[in-house]
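> Sharing input.txt (compact mmCIF, C-alpha atoms) below.
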# COMPACT_ATOMS: atom_id res chain seq x y z
CA MET A 1 -30.78 -1.93 9.05
CA GLU A 2 -27.57 -2.27 11.06
CA LEU A 3 -25.04 -4.56 9.40
CA ILE A 4 -22.46 -6.71 11.14
CA ALA A 5 -19.67 -8.86 9.71
CA GLY A 6 -21.06 -12.19 8.57
CA ASP A 7 -24.46 -10.89 7.45
CA ILE A 8 -25.71 -12.17 4.11
CA ILE A 9 -27.29 -9.41 2.04
CA GLY A 10 -28.87 -9.31 -1.40
CA GLY A 11 -29.79 -6.63 -3.90
CA THR A 12 -29.17 -4.96 -7.21
CA VAL A 13 -25.75 -3.44 -7.91
CA VAL A 14 -26.46 0.25 -8.48
CA ASP A 15 -23.01 1.58 -9.38
CA PHE A 16 -19.25 1.00 -9.43
CA GLY A 17 -16.77 2.13 -6.80
CA SER A 18 -13.42 3.78 -7.53
CA ASP A 19 -11.66 0.39 -7.56
CA GLY A 20 -14.23 -1.22 -9.87
CA GLU A 21 -16.29 -2.84 -7.09
CA GLY A 22 -20.03 -3.12 -7.37
CA ILE A 23 -22.09 -1.07 -4.90
CA ILE A 24 -25.23 -2.36 -3.21
CA LYS A 25 -27.37 0.06 -1.20
CA ILE A 26 -28.97 -1.27 1.99
CA GLY A 27 -31.33 1.48 3.07
CA GLY A 28 -29.01 4.08 1.57
CA TYR A 29 -25.97 2.47 3.20
CA PRO A 30 -23.35 1.50 0.55
CA VAL A 31 -21.76 -1.95 0.57
CA PHE A 32 -18.78 -2.36 -1.78
CA VAL A 33 -18.65 -5.82 -3.36
CA PRO A 34 -15.61 -6.69 -5.52
CA LEU A 35 -16.39 -8.71 -8.68
CA ALA A 36 -20.04 -7.56 -8.75
CA ILE A 37 -21.17 -5.66 -11.87
CA LYS A 38 -23.60 -2.75 -12.13
CA GLY A 39 -27.12 -3.99 -12.91
CA GLU A 40 -26.59 -7.49 -11.50
CA GLU A 41 -28.66 -9.04 -8.74
CA VAL A 42 -26.26 -10.59 -6.23
CA ARG A 43 -25.91 -12.04 -2.76
CA ALA A 44 -22.90 -11.05 -0.66
CA ARG A 45 -21.46 -11.74 2.78
CA VAL A 46 -20.49 -8.66 4.78
CA THR A 47 -16.82 -8.84 5.79
CA TYR A 48 -16.01 -5.36 7.12
CA VAL A 49 -18.23 -2.64 8.56
CA ARG A 50 -17.64 1.07 9.11
CA LYS A 51 -20.03 3.82 10.19
CA ASP A 52 -20.80 5.03 6.66
CA TRP A 53 -19.94 2.03 4.46
CA ALA A 54 -19.10 -1.67 4.40
CA ILE A 55 -17.29 -4.25 2.29
CA GLY A 56 -18.83 -7.51 1.17
CA GLU A 57 -17.63 -10.70 -0.51
CA LEU A 58 -19.56 -11.93 -3.52
CA GLU A 59 -21.44 -15.14 -2.68
CA GLU A 60 -23.74 -15.60 -5.69
CA VAL A 61 -24.66 -13.83 -8.91
CA VAL A 62 -28.42 -14.29 -9.05
CA LYS A 63 -28.91 -12.39 -12.32
CA PRO A 64 -25.65 -11.78 -14.26
CA SER A 65 -24.85 -8.76 -16.40
CA ALA A 66 -24.49 -9.13 -20.15
CA SER A 67 -21.02 -7.63 -19.66
CA ARG A 68 -19.82 -10.51 -17.45
CA ILE A 69 -17.17 -12.70 -19.11
CA LYS A 70 -14.86 -15.51 -18.04
CA PRO A 71 -11.52 -14.13 -16.77
CA ARG A 72 -8.48 -15.18 -18.78
CA CYS A 73 -6.15 -15.46 -15.78
CA PRO A 74 -6.39 -18.44 -13.37
CA TYR A 75 -5.14 -16.23 -10.53
CA PHE A 76 -7.85 -13.58 -10.96
CA GLY A 77 -9.80 -13.06 -7.76
CA LYS A 78 -6.84 -14.25 -5.68
CA CYS A 79 -4.04 -12.03 -6.95
CA GLY A 80 -4.55 -8.32 -6.22
CA GLY A 81 -3.21 -7.11 -9.56
CA CYS A 82 -6.43 -6.92 -11.62
CA ASP A 83 -9.91 -5.64 -10.81
CA LEU A 84 -11.96 -5.99 -14.01
CA GLN A 85 -11.06 -9.18 -15.89
CA HIS A 86 -14.63 -10.42 -15.35
CA ILE A 87 -16.02 -7.46 -17.38
CA ASP A 88 -15.83 -7.09 -21.17
CA ILE A 89 -13.55 -4.34 -22.44
CA SER A 90 -16.29 -2.03 -23.76
CA GLU A 91 -17.87 -1.89 -20.31
CA GLN A 92 -14.44 -1.40 -18.71
CA LEU A 93 -13.96 1.73 -20.83
CA LYS A 94 -17.38 3.05 -19.79
CA ILE A 95 -16.50 2.49 -16.13
CA LYS A 96 -13.25 4.42 -16.49
CA ARG A 97 -14.80 7.27 -18.48
CA ASN A 98 -17.49 7.61 -15.82
CA ALA A 99 -14.89 7.53 -13.02
CA VAL A 100 -13.19 10.62 -14.48
CA LYS A 101 -16.48 12.38 -15.24
CA THR A 102 -17.89 11.68 -11.75
CA ALA A 103 -14.70 12.78 -9.94
CA LEU A 104 -14.62 16.07 -11.85
CA LYS A 105 -18.26 16.74 -11.00
CA LYS A 106 -18.38 15.60 -7.36
CA VAL A 107 -14.96 16.75 -6.20
CA ALA A 108 -14.28 19.82 -8.36
CA GLY A 109 -17.79 20.85 -9.41
CA ILE A 110 -16.81 20.61 -13.09
CA SER A 111 -19.30 19.40 -15.70
CA TYR A 112 -17.29 18.09 -18.65
CA ASP A 113 -18.28 15.76 -21.48
CA VAL A 114 -15.39 13.34 -20.97
CA PRO A 115 -14.64 11.29 -24.12
CA GLU A 116 -14.10 7.53 -24.16
CA PRO A 117 -10.58 6.59 -23.04
CA PHE A 118 -7.90 6.05 -25.66
CA HIS A 119 -7.35 2.29 -25.78
CA LEU A 120 -4.96 -0.16 -27.46
CA ASP A 121 -4.07 -3.72 -26.41
CA GLU A 122 -6.01 -5.46 -23.65
CA TRP A 123 -3.29 -8.03 -22.83
CA ALA A 124 0.50 -8.36 -22.75
CA TYR A 125 0.94 -4.60 -22.57
CA ARG A 126 3.05 -4.12 -19.44
CA ASN A 127 6.82 -3.57 -19.68
CA LYS A 128 7.45 -3.94 -15.94
CA LEU A 129 6.48 -6.05 -12.94
CA SER A 130 7.45 -6.16 -9.26
CA LEU A 131 7.08 -9.52 -7.53
CA PRO A 132 7.65 -10.33 -3.84
CA PHE A 133 9.35 -13.61 -2.99
CA CYS A 134 7.62 -16.14 -0.74
CA TYR A 135 8.48 -19.52 0.76
CA ASN A 136 6.02 -22.40 1.06
CA VAL A 137 6.80 -24.40 4.19
CA ARG A 138 4.92 -27.50 3.00
CA SER A 139 6.47 -27.75 -0.45
CA LYS A 140 9.75 -26.19 0.71
CA ARG A 141 9.78 -24.11 -2.48
CA VAL A 142 10.63 -20.48 -3.18
CA SER A 143 8.11 -18.73 -5.42
CA LEU A 144 7.39 -15.32 -6.89
CA GLY A 145 3.92 -13.83 -6.93
CA PHE A 146 1.62 -10.88 -6.31
CA PHE A 147 0.14 -9.74 -3.04
CA GLU A 148 -3.53 -10.33 -2.45
CA LYS A 149 -5.46 -7.06 -2.46
CA ARG A 150 -5.06 -5.19 0.86
CA SER A 151 -2.81 -7.97 2.14
CA HIS A 152 0.81 -9.04 2.41
CA LYS A 153 -0.06 -12.64 1.65
CA VAL A 154 1.67 -13.65 -1.60
CA VAL A 155 -0.19 -15.53 -4.34
CA PRO A 156 2.49 -17.57 -6.22
CA ILE A 157 2.24 -17.24 -10.02
CA LYS A 158 3.93 -18.76 -13.06
CA TRP A 159 2.77 -16.18 -15.62
CA CYS A 160 0.63 -13.06 -15.98
CA PRO A 161 -1.50 -12.23 -19.05
CA LEU A 162 -0.80 -8.51 -18.65
CA HIS A 163 2.82 -9.30 -19.60
CA SER A 164 4.08 -11.17 -22.64
CA GLU A 165 6.21 -14.35 -22.54
CA TRP A 166 9.28 -12.59 -21.17
CA ALA A 167 7.66 -12.42 -17.72
CA ALA A 168 6.94 -16.17 -17.54
CA ASP A 169 10.52 -16.91 -18.66
CA MET A 170 11.96 -14.56 -16.03
CA ILE A 171 9.79 -15.99 -13.24
CA GLY A 172 10.77 -19.55 -14.14
CA VAL A 173 14.50 -18.79 -14.24
CA VAL A 174 14.55 -16.85 -10.95
CA GLN A 175 12.45 -19.41 -9.05
CA ASP A 176 14.53 -22.35 -10.30
CA TRP A 177 17.75 -20.55 -9.37
CA ALA A 178 16.57 -19.64 -5.87
CA ASN A 179 15.42 -23.20 -5.17
CA ARG A 180 18.49 -24.88 -6.67
CA TYR A 181 20.91 -22.85 -4.54
CA ASP A 182 18.75 -22.62 -1.39
CA VAL A 183 18.65 -18.83 -1.41
CA THR A 184 16.64 -17.68 1.61
CA VAL A 185 13.49 -15.55 1.43
CA TYR A 186 12.87 -12.47 3.55
CA ASP A 187 10.36 -12.82 6.40
CA GLU A 188 8.92 -9.41 7.35
CA ARG A 189 7.92 -10.71 10.80
CA THR A 190 11.44 -11.79 11.83
CA HIS A 191 13.39 -9.54 9.44
CA GLU A 192 15.46 -12.55 8.40
CA GLY A 193 16.14 -14.05 4.98
CA LEU A 194 17.68 -12.50 1.85
CA LEU A 195 15.33 -12.21 -1.16
CA ARG A 196 12.61 -9.54 -0.88
CA HIS A 197 11.48 -8.64 -4.42
CA ALA A 198 12.32 -9.31 -8.06
CA VAL A 199 11.70 -6.19 -10.16
CA ALA A 200 11.91 -6.69 -13.92
CA ARG A 201 11.49 -4.38 -16.91
CA PHE A 202 11.60 -5.44 -20.55
CA LEU A 203 12.03 -2.86 -23.32
CA ASP A 204 14.66 -3.99 -25.85
CA ASN A 205 16.36 -6.19 -23.24
CA LEU A 206 15.60 -7.61 -19.83
CA SER A 207 16.56 -5.66 -16.71
CA LEU A 208 16.24 -7.70 -13.49
CA THR A 209 16.76 -6.27 -10.01
CA LEU A 210 16.96 -8.44 -6.89
CA VAL A 211 15.94 -6.41 -3.84
CA ILE A 212 17.70 -8.00 -0.89
CA ASN A 213 17.81 -7.88 2.89
CA GLY A 214 21.61 -7.77 2.86
CA THR A 215 24.53 -6.53 0.81
CA GLU A 216 25.42 -9.41 -1.52
CA VAL A 217 23.98 -12.43 -3.32
CA LYS A 218 25.81 -15.67 -3.98
CA HIS A 219 25.55 -17.73 -7.20
CA LEU A 220 24.90 -14.70 -9.43
CA ASP A 221 27.01 -16.27 -12.20
CA GLU A 222 24.63 -19.22 -12.27
CA LEU A 223 21.59 -16.92 -12.35
CA TYR A 224 23.06 -14.89 -15.19
CA ALA A 225 23.92 -18.01 -17.18
CA ALA A 226 20.34 -19.23 -16.83
CA LEU A 227 18.97 -15.86 -17.95
CA LEU A 228 21.24 -15.94 -21.03
CA GLU A 229 19.48 -19.12 -22.16
CA LYS A 230 16.22 -17.14 -22.42
CA PHE A 231 17.26 -13.54 -23.06
CA ASP A 232 19.76 -11.64 -25.19
CA GLU A 233 22.10 -9.40 -23.18
CA PRO A 234 20.15 -9.15 -19.91
CA CYS A 235 21.26 -6.94 -17.03
CA VAL A 236 21.14 -7.99 -13.37
CA TYR A 237 21.13 -5.48 -10.51
CA ILE A 238 20.90 -5.74 -6.74
CA SER A 239 19.30 -3.18 -4.43
CA PRO A 240 20.07 -3.64 -0.71
CA ASN A 241 17.07 -2.81 1.45
CA GLN A 242 17.37 -3.66 5.14
CA THR A 243 14.60 -1.36 6.36
CA PHE A 244 11.35 -2.42 8.04
CA ASN A 245 9.10 -0.41 5.70
CA ASN A 246 7.10 -1.47 2.63
CA VAL A 247 9.16 0.50 0.10
CA ILE A 248 10.45 -1.92 -2.52
CA PHE A 249 13.84 -0.47 -3.53
CA GLY A 250 16.68 0.42 -1.21
CA ASP A 251 18.58 3.71 -1.46
CA LYS A 252 20.94 2.39 -4.14
CA VAL A 253 20.89 0.01 -7.11
CA PHE A 254 24.07 -1.72 -8.31
CA LEU A 255 24.68 -3.35 -11.68
CA VAL A 256 26.26 -6.75 -10.94
CA ARG A 257 26.02 -8.67 -14.24
CA GLY A 258 25.70 -7.55 -17.87
CA ASN A 259 26.11 -4.12 -19.44
CA GLU A 260 23.64 -1.24 -19.39
CA LYS A 261 22.30 -0.44 -22.84
CA LYS A 262 20.06 2.21 -24.32
CA GLN A 263 16.46 1.13 -24.73
CA HIS A 264 13.92 2.31 -27.30
CA VAL A 265 11.04 4.17 -25.64
CA GLY A 266 8.83 5.47 -28.42
CA ASP A 267 11.04 7.46 -30.80
CA ILE A 268 13.66 8.04 -28.11
CA GLU A 269 16.67 5.95 -27.10
CA ALA A 270 17.42 6.16 -23.39
CA TYR A 271 19.20 4.57 -20.44
CA VAL A 272 16.46 3.60 -17.99
CA SER A 273 17.56 2.82 -14.41
CA PRO A 274 15.60 0.09 -12.60
CA ALA A 275 14.30 2.44 -9.90
CA SER A 276 13.28 5.21 -12.30
CA PHE A 277 9.63 5.79 -13.15
CA LEU A 278 8.50 4.95 -16.66
CA GLN A 279 4.95 4.38 -17.90
CA VAL A 280 4.29 0.63 -18.11
CA ASN A 281 2.32 0.69 -21.38
CA ASN A 282 4.54 1.78 -24.29
CA GLY A 283 1.83 2.25 -26.92
CA VAL A 284 -0.55 4.26 -24.76
CA MET A 285 2.37 6.28 -23.36
CA ASP A 286 3.34 7.28 -26.91
CA ALA A 287 -0.21 8.43 -27.66
CA LEU A 288 -0.47 10.36 -24.39
CA TYR A 289 2.83 12.14 -24.91
CA ARG A 290 1.88 13.08 -28.48
CA ASP A 291 -1.31 14.60 -27.12
CA VAL A 292 0.65 16.55 -24.49
CA ALA A 293 2.96 17.90 -27.21
CA GLN A 294 0.03 19.00 -29.36
CA ASN A 295 -1.47 20.89 -26.41
CA ILE A 296 1.83 22.56 -25.52
CA VAL A 297 3.45 23.66 -28.78
CA GLU A 298 1.23 26.67 -29.54
CA ASP A 299 2.04 30.03 -27.92
CA VAL A 300 4.62 28.59 -25.50
CA ASP A 301 8.25 29.74 -25.26
CA GLU A 302 9.23 28.44 -21.81
CA LEU A 303 8.16 25.19 -20.19
CA LEU A 304 8.62 23.93 -16.62
CA GLU A 305 8.04 20.20 -16.10
CA LEU A 306 7.68 18.85 -12.54
CA TYR A 307 7.98 15.15 -11.60
CA SER A 308 9.77 14.61 -14.92
CA GLY A 309 11.17 11.10 -14.31
CA VAL A 310 13.75 9.79 -16.78
CA GLY A 311 12.99 12.59 -19.24
CA ILE A 312 11.09 10.72 -21.96
CA LEU A 313 8.30 13.31 -22.14
CA THR A 314 10.89 16.10 -21.86
CA ALA A 315 12.80 14.78 -24.87
CA GLU A 316 9.57 14.20 -26.81
CA LEU A 317 8.50 17.81 -26.28
CA ALA A 318 11.95 19.22 -27.01
CA SER A 319 12.15 17.34 -30.31
CA ARG A 320 8.63 18.36 -31.38
CA ALA A 321 8.88 22.00 -30.30
CA PRO A 322 12.43 23.30 -30.90
CA GLN A 323 11.37 26.87 -30.07
CA ILE A 324 10.61 26.00 -26.44
CA LYS A 325 13.18 26.17 -23.63
CA ILE A 326 12.46 23.46 -21.05
CA THR A 327 13.36 23.03 -17.39
CA SER A 328 12.58 19.57 -16.01
CA VAL A 329 12.60 18.89 -12.26
CA GLU A 330 12.91 15.45 -10.67
CA VAL A 331 13.74 14.34 -7.11
CA GLU A 332 14.91 10.75 -7.83
CA ALA A 333 18.68 10.85 -8.36
CA SER A 334 18.89 7.86 -10.73
CA ALA A 335 16.11 9.33 -12.88
CA VAL A 336 17.94 12.67 -13.05
CA ARG A 337 21.09 10.88 -14.19
CA ASP A 338 19.13 9.03 -16.87
CA ALA A 339 17.39 12.22 -17.98
CA LYS A 340 20.64 14.17 -18.32
CA ASN A 341 22.21 11.37 -20.36
CA LEU A 342 19.11 11.14 -22.53
CA ILE A 343 18.95 14.87 -23.22
CA LYS A 344 22.66 15.03 -24.06
CA ALA A 345 22.58 11.92 -26.26
CA ASN A 346 19.75 13.40 -28.31
CA GLY A 347 21.49 16.77 -28.73
CA LEU A 348 18.86 18.66 -26.73
CA ASP A 349 21.02 19.98 -23.88
CA ASP A 350 21.25 23.47 -25.43
CA ARG A 351 17.57 24.13 -24.58
CA VAL A 352 16.74 21.59 -21.87
CA ASN A 353 17.90 22.02 -18.27
CA VAL A 354 17.46 18.98 -16.01
CA VAL A 355 17.30 19.91 -12.33
CA HIS A 356 17.68 17.53 -9.37
CA ALA A 357 15.27 18.96 -6.80
CA ASP A 358 12.08 18.41 -4.84
CA ALA A 359 9.14 19.93 -6.73
CA LEU A 360 7.91 22.02 -3.79
CA GLU A 361 11.34 23.36 -2.85
CA TYR A 362 11.99 24.29 -6.48
CA MET A 363 8.67 26.09 -6.84
CA LYS A 364 9.18 28.02 -3.59
CA ALA A 365 12.45 29.39 -4.95
CA GLN A 366 10.88 30.78 -8.15
CA LYS A 367 9.70 34.37 -8.62
CA PRO A 368 7.01 35.68 -11.02
CA ASN A 369 8.68 37.23 -14.05
CA GLY A 370 5.66 38.62 -15.90
CA LYS A 371 6.56 36.90 -19.16
CA ALA A 372 3.88 35.51 -21.45
CA GLY A 373 4.22 32.16 -23.22
CA ARG A 374 5.05 30.11 -20.12
CA ALA A 375 3.58 26.68 -19.41
CA LEU A 376 3.76 24.11 -16.60
CA ILE A 377 3.51 20.32 -16.82
CA LEU A 378 2.54 18.34 -13.72
CA ASP A 379 2.92 14.54 -13.73
CA PRO A 380 2.79 13.67 -10.02
CA PRO A 381 2.51 10.27 -8.31
CA ARG A 382 -0.90 8.83 -7.42
CA ARG A 383 -1.28 10.99 -4.32
CA GLY A 384 -1.32 14.11 -6.52
CA CYS A 385 0.40 17.44 -5.98
CA ASP A 386 1.26 19.13 -2.72
CA LYS A 387 -1.20 21.99 -2.15
CA ASP A 388 1.72 24.43 -1.85
CA VAL A 389 3.00 23.39 -5.29
CA LEU A 390 -0.38 24.36 -6.77
CA GLU A 391 -0.48 27.64 -4.84
CA ALA A 392 3.00 28.47 -6.14
CA ALA A 393 1.86 27.61 -9.69
CA LYS A 394 -0.94 30.15 -9.41
CA GLU A 395 1.41 32.82 -8.07
CA LEU A 396 3.84 32.24 -10.95
CA CYS A 397 1.00 32.92 -13.44
CA PHE A 398 1.68 30.25 -16.06
CA ASP A 399 -0.41 30.75 -19.18
CA LYS A 400 -1.11 27.05 -19.45
CA ILE A 401 -0.98 24.08 -17.05
CA VAL A 402 -0.94 20.50 -18.34
CA TYR A 403 -1.72 17.87 -15.70
CA ILE A 404 -1.13 14.12 -16.22
CA SER A 405 -2.79 12.02 -13.52
CA CYS A 406 -3.26 8.34 -12.65
CA ASN A 407 -5.91 9.08 -10.02
CA PRO A 408 -9.18 10.88 -10.97
CA GLN A 409 -9.90 11.74 -7.32
CA THR A 410 -6.63 13.58 -6.67
CA LEU A 411 -6.75 15.12 -10.15
CA ALA A 412 -10.17 16.62 -9.42
CA ARG A 413 -9.03 17.77 -5.97
CA ASP A 414 -6.02 19.56 -7.45
CA LEU A 415 -7.98 21.07 -10.34
CA LYS A 416 -10.43 22.55 -7.84
CA LEU A 417 -7.54 24.48 -6.26
CA LEU A 418 -6.43 25.79 -9.65
CA LEU A 419 -9.84 26.64 -11.11
CA PRO A 420 -10.32 30.07 -9.57
CA SER A 421 -7.31 31.17 -11.61
CA TYR A 422 -7.58 28.72 -14.53
CA LYS A 423 -10.25 27.31 -16.83
CA LEU A 424 -10.34 23.64 -17.80
CA SER A 425 -10.08 23.48 -21.60
CA TYR A 426 -9.34 19.81 -22.38
CA VAL A 427 -9.70 16.39 -20.76
CA ARG A 428 -8.86 12.97 -22.22
CA PRO A 429 -8.59 9.63 -20.37
CA TYR A 430 -6.06 6.99 -21.47
CA ASP A 431 -6.49 3.27 -20.78
CA MET A 432 -2.93 2.79 -19.58
CA PHE A 433 -3.89 -0.21 -17.42
CA PRO A 434 -6.52 -2.50 -19.05
CA GLN A 435 -8.11 -5.14 -16.78
CA THR A 436 -7.60 -2.85 -13.78
CA ALA A 437 -9.73 0.01 -12.46
CA ALA A 438 -6.85 2.49 -12.89
CA ILE A 439 -7.05 5.20 -15.55
CA GLU A 440 -4.57 7.83 -16.77
CA THR A 441 -6.00 11.28 -17.52
CA LEU A 442 -4.70 14.34 -19.34
CA ALA A 443 -6.14 17.72 -18.34
CA VAL A 444 -5.22 21.10 -19.85
CA LEU A 445 -5.94 24.40 -18.12
CA LYS A 446 -5.62 27.95 -19.45
CA ARG A 447 -5.22 31.04 -17.30
CA GLU A 448 -8.31 33.17 -16.99
Using the file provided, produce a representation of the structure as structure tokens.


Amino acid sequence: MELIAGDIIGGTVVDFGSDGEGIIKIGGYPVFVPLAIKGEEVRARVTYVRKDWAIGELEEVVKPSASRIKPRCPYFGKCGGCDLQHIDISEQLKIKRNAVKTALKKVAGISYDVPEPFHLDEWAYRNKLSLPFCYNVRSKRVSLGFFEKRSHKVVPIKWCPLHSEWAADMIGVVQDWANRYDVTVYDERTHEGLLRHAVARFLDNLSLTLVINGTEVKHLDELYAALLEKFDEPCVYISPNQTFNNVIFGDKVFLVRGNEKKQHVGDIEAYVSPASFLQVNNGVMDALYRDVAQNIVEDVDELLELYSGVGILTAELASRAPQIKITSVEVEASAVRDAKNLIKANGLDDRVNVVHADALEYMKAQKPNGKAGRALILDPPRRGCDKDVLEAAKELCFDKIVYISCNPQTLARDLKLLLPSYKLSYVRPYDMFPQTAAIETLAVLKRE
């Protein structure tokens, strides 16, 4: 059967895709249908067709799954932030466990009895959000929202159940301020207008960054005064970004109101720059980092950590394993600054060396030294590690490699490159992002 866009198809959902979509098979041809659940009988309208697969839009659930629930968020299905709010949490965890298990088997040829993901809160767990600005011509109002999935169309929101009340307060203040003072919104088609994104993080205090198509923002005193009515000691930053790309932050971030303060991240106090990477789920991050420490401390004297961010994991490991000398490598300049301050403030600089460098360039410069008791930690972005980084890791003969991944597919791909020299000894998923299809995974390898 040859499908074309607009066709109405029906069938039983036989599996889940990597983004949590249901999969219908039409003569062996897979059609990915968001919001459909495995085991359901559904009808869908085909919206996009490729040679080997297609995408459909759910039209009707003929026979619903027992796992189907009513989504909590009124924006679900429109906003592209969540994938699985229509599925109860126990089934979500099964989906994520199976995603890791299937990727290991299909991509890397590894059969591993993957345990159920570590899980804590289902709602109000995120400490950060990034919201594009939009302007409604009809209402003549500035709003903040999320992009629709695979789109640059903004869905205006007033709150998000993945964040606690601080997010709704921040959104309200920023929107009211922008509308009161007629602050213009960036239009990516004309490259005109000022406000591009609002990026906010809440740990002990609120940090708000306005990403702008320009160099300055007027009426910041009024914005800060409004924030002070809702938050204690907030900080406001601006990040000029006048490029045509889709990267959120510009090259620099400037503090324009308030004073930077140390924030509690687990057992560590740290300065966290707005552009620096930090896990968004504090509780699950703590559990993951404890697990990393437990897998590192035995038989390790020297540790190299790549993609080390602001140094939270580095400090955690240094405090738990005082016998280990650690070198952490990070390419983002603001994160390196934060990491150095963190390590010094916690009295760990005598055995932790923070290096500002690209991971691949750093690895190319290293030479095998034949020492035992050496370990490597990899915590790369979603795209995974550069192949040459992994080849260099094998040449340097680390006794142990610990890999933290937010993408089962790239994790499995990278493990496959390491497996001829290493054996997988431990895997544990972590539900860092409930209500979404994303899953964090810890893998530990030992040299054969």

> For the atom pair CA of Leu220 in chain A and CA of Arg257 in chain A, what is the interatomic distance in Å to one decimal place?

7.8 Å

> Set the distance at 8 Å and use all atoms listed in the file: which residues neighbour Gly258 in chain A once local chain neighbours fewer than 6 positions away are removed? I'd like the list as a PyMOL selection string.

chain A and resi 233-236

> Given the selection you just returned, output its residues as a file containing C-alpha atoms, formatted as a PDB file, in the frame of the given file.


ATOM      1  CA  GLU A 233      22.100  -9.400 -23.180  1.00  0.00           C
ATOM      2  CA  PRO A 234      20.150  -9.150 -19.910  1.00  0.00           C
ATOM      3  CA  CYS A 235      21.260  -6.940 -17.030  1.00  0.00           C
ATOM      4  CA  VAL A 236      21.140  -7.990 -13.370  1.00  0.00           C
TER       5      VAL A 236
END

> For the atom pair CA of Ile296 in chain A and CA of Phe398 in chain A, what is the interatomic distance in Å to one decimal place?

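Atom-to-atom, CA of Ile296 in chain A to CA of Phe398 in chain A, that is 12.2 Å.
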
> Residues around (13.9, 10.5, -24.8), cut-off 9 Å, counting all atoms listed in the file - what are they as number ranges by chain?

A: 264-270, 310-316, 319, 339, 342-343, 345-346

> Give the answer as one residue: which of A:Asn341, A:Leu210, A:Asn407, A:Glu222 has the shortest atom-to-atom distance to Lys262 in chain A, using all atoms listed in the file?

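For Lys262 in chain A, the nearest of the candidates is A:Asn341.
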
> Measure the distance from CA of Leu415 in chain A to CA of Ser111 in chain A in Å and round it to one decimal.

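Between CA of Leu415 in chain A and CA of Ser111 in chain A the gap is 12.6 Å.
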